[in-house]
$ cat target28.cif   # mmCIF, N, CA and C atoms
data_run
#
loop_
_atom_site.label_atom_id
_atom_site.label_comp_id
_atom_site.auth_asym_id
_atom_site.auth_seq_id
_atom_site.Cartn_x
_atom_site.Cartn_y
_atom_site.Cartn_z
N MET A 1 0.85 -1.18 0.00
CA MET A 1 0.00 0.00 0.00
C MET A 1 0.89 1.24 0.00
N THR A 2 0.39 2.32 -0.55
CA THR A 2 1.14 3.58 -0.61
C THR A 2 1.09 4.26 0.75
N ILE A 3 1.88 5.30 0.90
CA ILE A 3 1.91 6.03 2.16
C ILE A 3 0.55 6.67 2.46
N SER A 4 -0.13 7.15 1.44
CA SER A 4 -1.44 7.77 1.68
C SER A 4 -2.47 6.72 2.11
N GLU A 5 -2.42 5.55 1.50
CA GLU A 5 -3.32 4.46 1.90
C GLU A 5 -2.99 3.99 3.32
N LEU A 6 -1.71 3.87 3.62
CA LEU A 6 -1.26 3.48 4.96
C LEU A 6 -1.77 4.46 6.00
N ALA A 7 -1.57 5.74 5.74
CA ALA A 7 -2.00 6.78 6.67
C ALA A 7 -3.51 6.75 6.87
N ARG A 8 -4.24 6.62 5.77
CA ARG A 8 -5.70 6.59 5.86
C ARG A 8 -6.16 5.41 6.69
N ARG A 9 -5.61 4.24 6.43
CA ARG A 9 -6.04 3.03 7.14
C ARG A 9 -5.65 3.05 8.62
N ALA A 10 -4.58 3.78 8.94
CA ALA A 10 -4.15 3.88 10.34
C ALA A 10 -4.83 5.03 11.08
N GLY A 11 -5.49 5.91 10.32
CA GLY A 11 -6.17 7.04 10.95
C GLY A 11 -5.25 8.19 11.31
N VAL A 12 -4.18 8.35 10.54
CA VAL A 12 -3.25 9.47 10.76
C VAL A 12 -3.02 10.17 9.43
N GLY A 13 -2.35 11.30 9.49
CA GLY A 13 -2.01 12.01 8.27
C GLY A 13 -0.70 11.52 7.68
N VAL A 14 -0.49 11.78 6.42
CA VAL A 14 0.74 11.40 5.75
C VAL A 14 1.93 12.07 6.42
N GLU A 15 1.77 13.33 6.82
CA GLU A 15 2.87 14.04 7.49
C GLU A 15 3.21 13.40 8.83
N THR A 16 2.23 12.81 9.48
CA THR A 16 2.50 12.10 10.74
C THR A 16 3.38 10.88 10.47
N VAL A 17 3.08 10.15 9.41
CA VAL A 17 3.91 9.00 9.04
C VAL A 17 5.33 9.47 8.77
N ARG A 18 5.47 10.54 8.02
CA ARG A 18 6.80 11.06 7.69
C ARG A 18 7.54 11.52 8.95
N TYR A 19 6.82 12.13 9.87
CA TYR A 19 7.42 12.56 11.14
C TYR A 19 7.94 11.34 11.90
N TYR A 20 7.13 10.30 12.00
CA TYR A 20 7.56 9.08 12.68
C TYR A 20 8.78 8.46 11.99
N GLN A 21 8.83 8.56 10.68
CA GLN A 21 9.98 8.05 9.95
C GLN A 21 11.23 8.86 10.29
N ARG A 22 11.10 10.18 10.34
CA ARG A 22 12.25 11.02 10.68
C ARG A 22 12.74 10.73 12.09
N ARG A 23 11.81 10.41 12.99
CA ARG A 23 12.17 10.09 14.38
C ARG A 23 12.77 8.69 14.52
N GLY A 24 12.70 7.90 13.47
CA GLY A 24 13.23 6.55 13.53
C GLY A 24 12.26 5.54 14.12
N LEU A 25 11.03 5.95 14.35
CA LEU A 25 10.01 5.07 14.90
C LEU A 25 9.45 4.12 13.86
N PHE A 26 9.49 4.58 12.65
CA PHE A 26 8.76 3.89 11.59
C PHE A 26 9.66 3.79 10.36
N PRO A 27 9.95 2.59 9.89
CA PRO A 27 10.86 2.45 8.75
C PRO A 27 10.25 2.91 7.44
N GLU A 28 11.11 3.44 6.60
CA GLU A 28 10.69 3.85 5.26
C GLU A 28 11.16 2.78 4.29
N PRO A 29 10.24 2.08 3.63
CA PRO A 29 10.66 1.02 2.72
C PRO A 29 11.33 1.59 1.48
N PRO A 30 12.18 0.81 0.85
CA PRO A 30 12.82 1.30 -0.39
C PRO A 30 11.79 1.43 -1.51
N ARG A 31 12.14 2.25 -2.46
CA ARG A 31 11.27 2.40 -3.64
C ARG A 31 11.38 1.16 -4.52
N GLN A 32 10.28 0.77 -5.10
CA GLN A 32 10.26 -0.35 -6.01
C GLN A 32 10.44 0.17 -7.43
N ASN A 33 11.60 -0.10 -8.03
CA ASN A 33 11.88 0.35 -9.41
C ASN A 33 11.64 1.85 -9.57
N ARG A 34 12.12 2.63 -8.63
CA ARG A 34 11.99 4.10 -8.65
C ARG A 34 10.54 4.58 -8.66
N ALA A 35 9.66 3.73 -8.29
CA ALA A 35 8.24 4.11 -8.21
C ALA A 35 7.93 4.48 -6.75
N THR A 36 6.69 4.37 -6.40
CA THR A 36 6.29 4.69 -5.03
C THR A 36 6.77 3.62 -4.07
N ARG A 37 6.80 3.97 -2.80
CA ARG A 37 7.17 3.02 -1.75
C ARG A 37 5.94 2.19 -1.43
N GLU A 38 6.16 0.92 -1.17
CA GLU A 38 5.06 0.02 -0.82
C GLU A 38 5.20 -0.39 0.64
N TYR A 39 4.16 -0.12 1.42
CA TYR A 39 4.15 -0.45 2.85
C TYR A 39 3.42 -1.77 3.06
N SER A 40 3.93 -2.54 4.00
CA SER A 40 3.40 -3.87 4.28
C SER A 40 2.31 -3.83 5.35
N PRO A 41 1.58 -4.92 5.50
CA PRO A 41 0.61 -5.02 6.60
C PRO A 41 1.29 -4.87 7.97
N GLU A 42 2.54 -5.31 8.09
CA GLU A 42 3.28 -5.15 9.34
C GLU A 42 3.52 -3.67 9.64
N ALA A 43 3.77 -2.91 8.59
CA ALA A 43 3.96 -1.47 8.76
C ALA A 43 2.67 -0.83 9.27
N LEU A 44 1.54 -1.27 8.75
CA LEU A 44 0.25 -0.77 9.21
C LEU A 44 0.04 -1.12 10.68
N ALA A 45 0.37 -2.33 11.06
CA ALA A 45 0.23 -2.75 12.46
C ALA A 45 1.10 -1.90 13.38
N LEU A 46 2.34 -1.61 12.96
CA LEU A 46 3.23 -0.78 13.76
C LEU A 46 2.70 0.64 13.87
N LEU A 47 2.21 1.18 12.77
CA LEU A 47 1.67 2.54 12.79
C LEU A 47 0.45 2.63 13.71
N ARG A 48 -0.41 1.63 13.67
CA ARG A 48 -1.56 1.60 14.58
C ARG A 48 -1.11 1.49 16.02
N PHE A 49 -0.07 0.71 16.29
CA PHE A 49 0.50 0.59 17.63
C PHE A 49 0.98 1.95 18.12
N ILE A 50 1.71 2.66 17.28
CA ILE A 50 2.23 3.97 17.65
C ILE A 50 1.08 4.94 17.92
N ARG A 51 0.09 4.94 17.04
CA ARG A 51 -1.06 5.83 17.23
C ARG A 51 -1.79 5.52 18.54
N ARG A 52 -1.96 4.24 18.84
CA ARG A 52 -2.65 3.84 20.07
C ARG A 52 -1.86 4.27 21.30
N ALA A 53 -0.54 4.09 21.25
CA ALA A 53 0.30 4.50 22.38
C ALA A 53 0.21 6.01 22.60
N ARG A 54 0.21 6.76 21.52
CA ARG A 54 0.07 8.23 21.63
C ARG A 54 -1.30 8.57 22.21
N GLY A 55 -2.33 7.84 21.78
CA GLY A 55 -3.67 8.07 22.29
C GLY A 55 -3.81 7.74 23.76
N LEU A 56 -2.95 6.87 24.27
CA LEU A 56 -2.97 6.52 25.69
C LEU A 56 -2.15 7.49 26.53
N GLY A 57 -1.61 8.52 25.89
CA GLY A 57 -0.92 9.56 26.63
C GLY A 57 0.59 9.45 26.67
N PHE A 58 1.14 8.51 25.94
CA PHE A 58 2.60 8.38 25.93
C PHE A 58 3.21 9.48 25.08
N THR A 59 4.29 10.06 25.57
CA THR A 59 5.02 11.07 24.81
C THR A 59 5.73 10.39 23.65
N ILE A 60 6.23 11.18 22.73
CA ILE A 60 6.93 10.60 21.58
C ILE A 60 8.18 9.84 22.04
N ARG A 61 8.87 10.35 23.04
CA ARG A 61 10.05 9.64 23.56
C ARG A 61 9.66 8.32 24.22
N GLU A 62 8.54 8.33 24.93
CA GLU A 62 8.07 7.09 25.54
C GLU A 62 7.65 6.09 24.46
N VAL A 63 7.05 6.58 23.39
CA VAL A 63 6.66 5.70 22.29
C VAL A 63 7.91 5.11 21.63
N GLU A 64 8.95 5.91 21.50
CA GLU A 64 10.21 5.39 20.96
C GLU A 64 10.69 4.21 21.81
N ARG A 65 10.60 4.36 23.10
CA ARG A 65 11.01 3.28 24.02
C ARG A 65 10.09 2.06 23.86
N LEU A 66 8.80 2.31 23.74
CA LEU A 66 7.85 1.20 23.55
C LEU A 66 8.14 0.45 22.25
N VAL A 67 8.45 1.17 21.19
CA VAL A 67 8.76 0.53 19.91
C VAL A 67 10.03 -0.31 20.05
N ARG A 68 11.03 0.22 20.74
CA ARG A 68 12.25 -0.58 20.97
C ARG A 68 11.92 -1.85 21.75
N LEU A 69 11.08 -1.71 22.78
CA LEU A 69 10.68 -2.89 23.56
C LEU A 69 9.94 -3.90 22.69
N ARG A 70 9.07 -3.39 21.86
CA ARG A 70 8.30 -4.27 20.96
C ARG A 70 9.23 -5.04 20.03
N ARG A 71 10.24 -4.36 19.53
CA ARG A 71 11.19 -5.00 18.63
C ARG A 71 12.10 -5.99 19.36
N SER A 72 12.35 -5.73 20.65
CA SER A 72 13.29 -6.57 21.40
C SER A 72 12.62 -7.80 22.00
N LYS A 73 11.33 -7.90 21.86
CA LYS A 73 10.59 -9.03 22.45
C LYS A 73 10.78 -9.05 23.97
N ASP A 74 10.58 -7.90 24.59
CA ASP A 74 10.67 -7.74 26.05
C ASP A 74 9.88 -8.82 26.76
N ASP A 75 10.38 -9.28 27.90
CA ASP A 75 9.70 -10.32 28.65
C ASP A 75 8.46 -9.81 29.40
N GLY A 76 8.22 -8.53 29.32
CA GLY A 76 7.02 -7.96 29.93
C GLY A 76 7.29 -7.12 31.16
N ARG A 77 8.42 -7.29 31.79
CA ARG A 77 8.69 -6.54 33.03
C ARG A 77 8.88 -5.06 32.77
N GLU A 78 9.69 -4.73 31.80
CA GLU A 78 9.91 -3.30 31.51
C GLU A 78 8.64 -2.65 30.99
N LEU A 79 7.90 -3.38 30.17
CA LEU A 79 6.63 -2.86 29.67
C LEU A 79 5.66 -2.63 30.82
N ALA A 80 5.55 -3.58 31.72
CA ALA A 80 4.66 -3.43 32.87
C ALA A 80 5.06 -2.22 33.71
N THR A 81 6.34 -2.02 33.89
CA THR A 81 6.83 -0.86 34.65
C THR A 81 6.43 0.44 33.96
N MET A 82 6.61 0.49 32.64
CA MET A 82 6.23 1.70 31.90
C MET A 82 4.73 1.97 32.00
N LEU A 83 3.93 0.93 31.84
CA LEU A 83 2.48 1.10 31.88
C LEU A 83 2.02 1.54 33.26
N SER A 84 2.59 0.96 34.30
CA SER A 84 2.23 1.35 35.67
C SER A 84 2.62 2.80 35.95
N ALA A 85 3.82 3.18 35.50
CA ALA A 85 4.27 4.56 35.71
C ALA A 85 3.37 5.55 34.97
N LYS A 86 2.94 5.19 33.76
CA LYS A 86 2.04 6.08 33.00
C LYS A 86 0.70 6.19 33.70
N ALA A 87 0.19 5.09 34.24
CA ALA A 87 -1.08 5.12 34.97
C ALA A 87 -0.98 6.04 36.19
N ILE A 88 0.11 5.96 36.93
CA ILE A 88 0.32 6.82 38.10
C ILE A 88 0.39 8.28 37.67
N GLU A 89 1.13 8.55 36.59
CA GLU A 89 1.24 9.92 36.07
C GLU A 89 -0.13 10.47 35.68
N LEU A 90 -0.92 9.66 34.99
CA LEU A 90 -2.25 10.11 34.56
C LEU A 90 -3.19 10.30 35.74
N GLU A 91 -3.08 9.46 36.76
CA GLU A 91 -3.89 9.65 37.98
C GLU A 91 -3.56 10.98 38.64
N GLN A 92 -2.28 11.33 38.69
CA GLN A 92 -1.87 12.62 39.26
C GLN A 92 -2.42 13.77 38.43
N THR A 93 -2.33 13.65 37.13
CA THR A 93 -2.88 14.68 36.24
C THR A 93 -4.38 14.81 36.44
N LEU A 94 -5.06 13.68 36.59
CA LEU A 94 -6.50 13.70 36.83
C LEU A 94 -6.83 14.43 38.12
N ARG A 95 -6.10 14.15 39.20
CA ARG A 95 -6.34 14.84 40.47
C ARG A 95 -6.12 16.35 40.32
N GLU A 96 -5.06 16.73 39.63
CA GLU A 96 -4.79 18.15 39.40
C GLU A 96 -5.90 18.78 38.57
N THR A 97 -6.37 18.09 37.55
CA THR A 97 -7.45 18.59 36.71
C THR A 97 -8.74 18.74 37.52
N GLU A 98 -9.03 17.78 38.38
CA GLU A 98 -10.23 17.88 39.23
C GLU A 98 -10.14 19.08 40.17
N ARG A 99 -8.94 19.39 40.69
CA ARG A 99 -8.77 20.59 41.54
C ARG A 99 -9.03 21.86 40.73
N VAL A 100 -8.55 21.89 39.49
CA VAL A 100 -8.78 23.06 38.64
C VAL A 100 -10.27 23.21 38.34
N ILE A 101 -10.95 22.10 38.06
CA ILE A 101 -12.39 22.15 37.79
C ILE A 101 -13.14 22.68 39.01
N ASP A 102 -12.80 22.19 40.19
CA ASP A 102 -13.43 22.68 41.41
C ASP A 102 -13.20 24.18 41.60
N THR A 103 -11.98 24.62 41.33
CA THR A 103 -11.66 26.05 41.44
C THR A 103 -12.47 26.86 40.45
N LEU A 104 -12.58 26.40 39.23
CA LEU A 104 -13.36 27.12 38.22
C LEU A 104 -14.83 27.21 38.60
N ARG A 105 -15.37 26.13 39.15
CA ARG A 105 -16.77 26.16 39.59
C ARG A 105 -16.97 27.16 40.73
N THR A 106 -16.02 27.19 41.64
CA THR A 106 -16.08 28.15 42.74
C THR A 106 -16.01 29.57 42.20
N PHE A 107 -15.09 29.79 41.26
CA PHE A 107 -14.96 31.12 40.65
C PHE A 107 -16.24 31.51 39.93
N ALA A 108 -16.85 30.56 39.22
CA ALA A 108 -18.09 30.85 38.50
C ALA A 108 -19.19 31.26 39.47
N SER A 109 -19.28 30.57 40.58
CA SER A 109 -20.28 30.91 41.59
C SER A 109 -20.02 32.30 42.16
N LYS A 110 -18.76 32.58 42.47
CA LYS A 110 -18.40 33.90 43.00
C LYS A 110 -18.69 34.99 41.96
N ALA A 111 -18.37 34.70 40.70
CA ALA A 111 -18.58 35.70 39.65
C ALA A 111 -20.06 36.02 39.49
N ALA A 112 -20.90 35.02 39.63
CA ALA A 112 -22.34 35.23 39.49
C ALA A 112 -22.90 36.04 40.64
N ASN A 113 -22.29 35.96 41.80
CA ASN A 113 -22.82 36.62 43.00
C ASN A 113 -22.02 37.82 43.45
N ALA A 114 -20.92 38.14 42.81
CA ALA A 114 -20.06 39.24 43.25
C ALA A 114 -20.48 40.55 42.60
N GLY A 115 -20.14 41.60 43.26
CA GLY A 115 -20.36 42.92 42.69
C GLY A 115 -19.34 43.16 41.59
N THR A 116 -19.57 44.20 40.83
CA THR A 116 -18.72 44.48 39.68
C THR A 116 -17.25 44.60 40.06
N GLY A 117 -16.93 45.26 41.14
CA GLY A 117 -15.54 45.45 41.55
C GLY A 117 -14.89 44.18 42.08
N ASP A 118 -15.70 43.29 42.67
CA ASP A 118 -15.15 42.08 43.28
C ASP A 118 -15.04 40.91 42.32
N ARG A 119 -15.67 41.03 41.18
CA ARG A 119 -15.79 39.91 40.25
C ARG A 119 -14.44 39.33 39.82
N TRP A 120 -13.43 40.18 39.72
CA TRP A 120 -12.13 39.75 39.21
C TRP A 120 -11.12 39.51 40.33
N ARG A 121 -11.49 39.81 41.55
CA ARG A 121 -10.56 39.70 42.67
C ARG A 121 -10.12 38.26 42.91
N MET A 122 -10.98 37.31 42.59
CA MET A 122 -10.64 35.90 42.84
C MET A 122 -9.38 35.46 42.10
N PHE A 123 -9.06 36.13 40.98
CA PHE A 123 -7.86 35.77 40.25
C PHE A 123 -6.61 36.30 40.92
N ASP A 124 -6.77 37.22 41.87
CA ASP A 124 -5.63 37.79 42.58
C ASP A 124 -5.25 36.97 43.80
N GLU A 125 -6.09 36.03 44.20
CA GLU A 125 -5.83 35.24 45.40
C GLU A 125 -4.65 34.31 45.18
N ASP A 126 -3.81 34.19 46.21
CA ASP A 126 -2.67 33.29 46.13
C ASP A 126 -3.06 31.85 46.38
N GLU A 127 -4.03 31.64 47.24
CA GLU A 127 -4.46 30.30 47.59
C GLU A 127 -5.51 29.80 46.61
N PRO A 128 -5.48 28.52 46.29
CA PRO A 128 -6.54 27.99 45.43
C PRO A 128 -7.89 28.09 46.11
N ALA A 129 -8.92 28.34 45.32
CA ALA A 129 -10.25 28.52 45.88
C ALA A 129 -10.85 27.21 46.36
N ALA A 130 -10.44 26.10 45.80
CA ALA A 130 -11.04 24.81 46.17
C ALA A 130 -10.29 24.15 47.31
#
$ encode --input "target28.cif" --output "structure tokens"
Amino acid sequence: MTISELARRAGVGVETVRYYQRRGLFPEPPRQNRATREYSPEALALLRFIRRARGLGFTIREVERLVRLRRSKDDGRELATMLSAKAIELEQTLRETERVIDTLRTFASKAANAGTGDRWRMFDEDEPAA
């Protein structure tokens, strides 16, 4: 399949495929008789793997590590460590996001009930509202 077909089937843009190739995440097959490059079903599987890892919140550097692990046939320990660490990181981000949401709701309530001069004062507070 061509790069455009590969990208379409994986749900990414052609430029995303090229970016992954520049990063060394994704191999670029040789041209066949100076024509277009032909990508294999394995290439599609790898591209979908990369897209899924990105969708799960892994950074591009973490995805590079995951791809190396995938190629090395890791026994599962390093992968399990990475997955657990990502889950902990996302839980922390979730807690921080929930605090921000609570603060915004408090600010919205104050804004609805504050006088004109006080409406913006909540942004001057050093302590979080929640």
$ resolve_selection --input "target28.cif" --expression "the PyMOL selection byres ((chain A and resi 55-69) around 8)" --output "PyMOL selection string"
chain A and resi 23-25+49-54+70-75+78-79+86
$ atom_distance --input "target28.cif" --atom1 "atom N of A:Ala87" --atom2 "atom C of A:Leu44"
24.4 Å
$ closest_residue --input "target28.cif" --among "A:Met82, A:Asp124, A:Ser4, A:Glu96" --to "A:Arg18" --atoms "only C-alpha atoms"
A:Ser4
$ closest_residue --input "target28.cif" --among "A:Ala80, A:Ile3, A:Ala85, A:Ala112" --to "A:Glu28" --atoms "only C-alpha atoms"
A:Ile3
$ atom_distance --input "target28.cif" --atom1 "atom CA of A:Ser109" --atom2 "atom C of A:Thr97"
17.3 Å
$ select_by_dssp --input "target28.cif" --residues "chain A" --states "alpha helix (DSSP H)" --output "PyMOL selection string"
chain A and resi 3-10+14-23+41-55+60-72+77-113
$ closest_residue --input "target28.cif" --among "A:Arg31, A:Arg37, A:Arg105, A:Arg48" --to "A:Val12" --atoms "only C-alpha atoms"
A:Arg48
$ axis_aligned_box --input "target28.cif" --around "stretch 89-94 of chain A" --padding-each-side "8 Å" --output "JSON"
{"center_x": -2.8, "center_y": 11.7, "center_z": 36.9, "size_x": 24.1, "size_y": 22.3, "size_z": 20.7}
$ atom_distance --input "target28.cif" --atom1 "atom CA of A:Ser40" --atom2 "atom CA of A:Met1"
6.7 Å
$ closest_residue --input "target28.cif" --among "A:Glu38, A:Val14, A:Phe26, A:Ala108" --to "A:Thr2" --atoms "only C-alpha atoms"
A:Glu38
$ closest_residue --input "target28.cif" --among "A:Leu104, A:Met122, A:Leu47, A:Leu90" --to "A:Gly13" --atoms "only C-alpha atoms"
A:Leu47
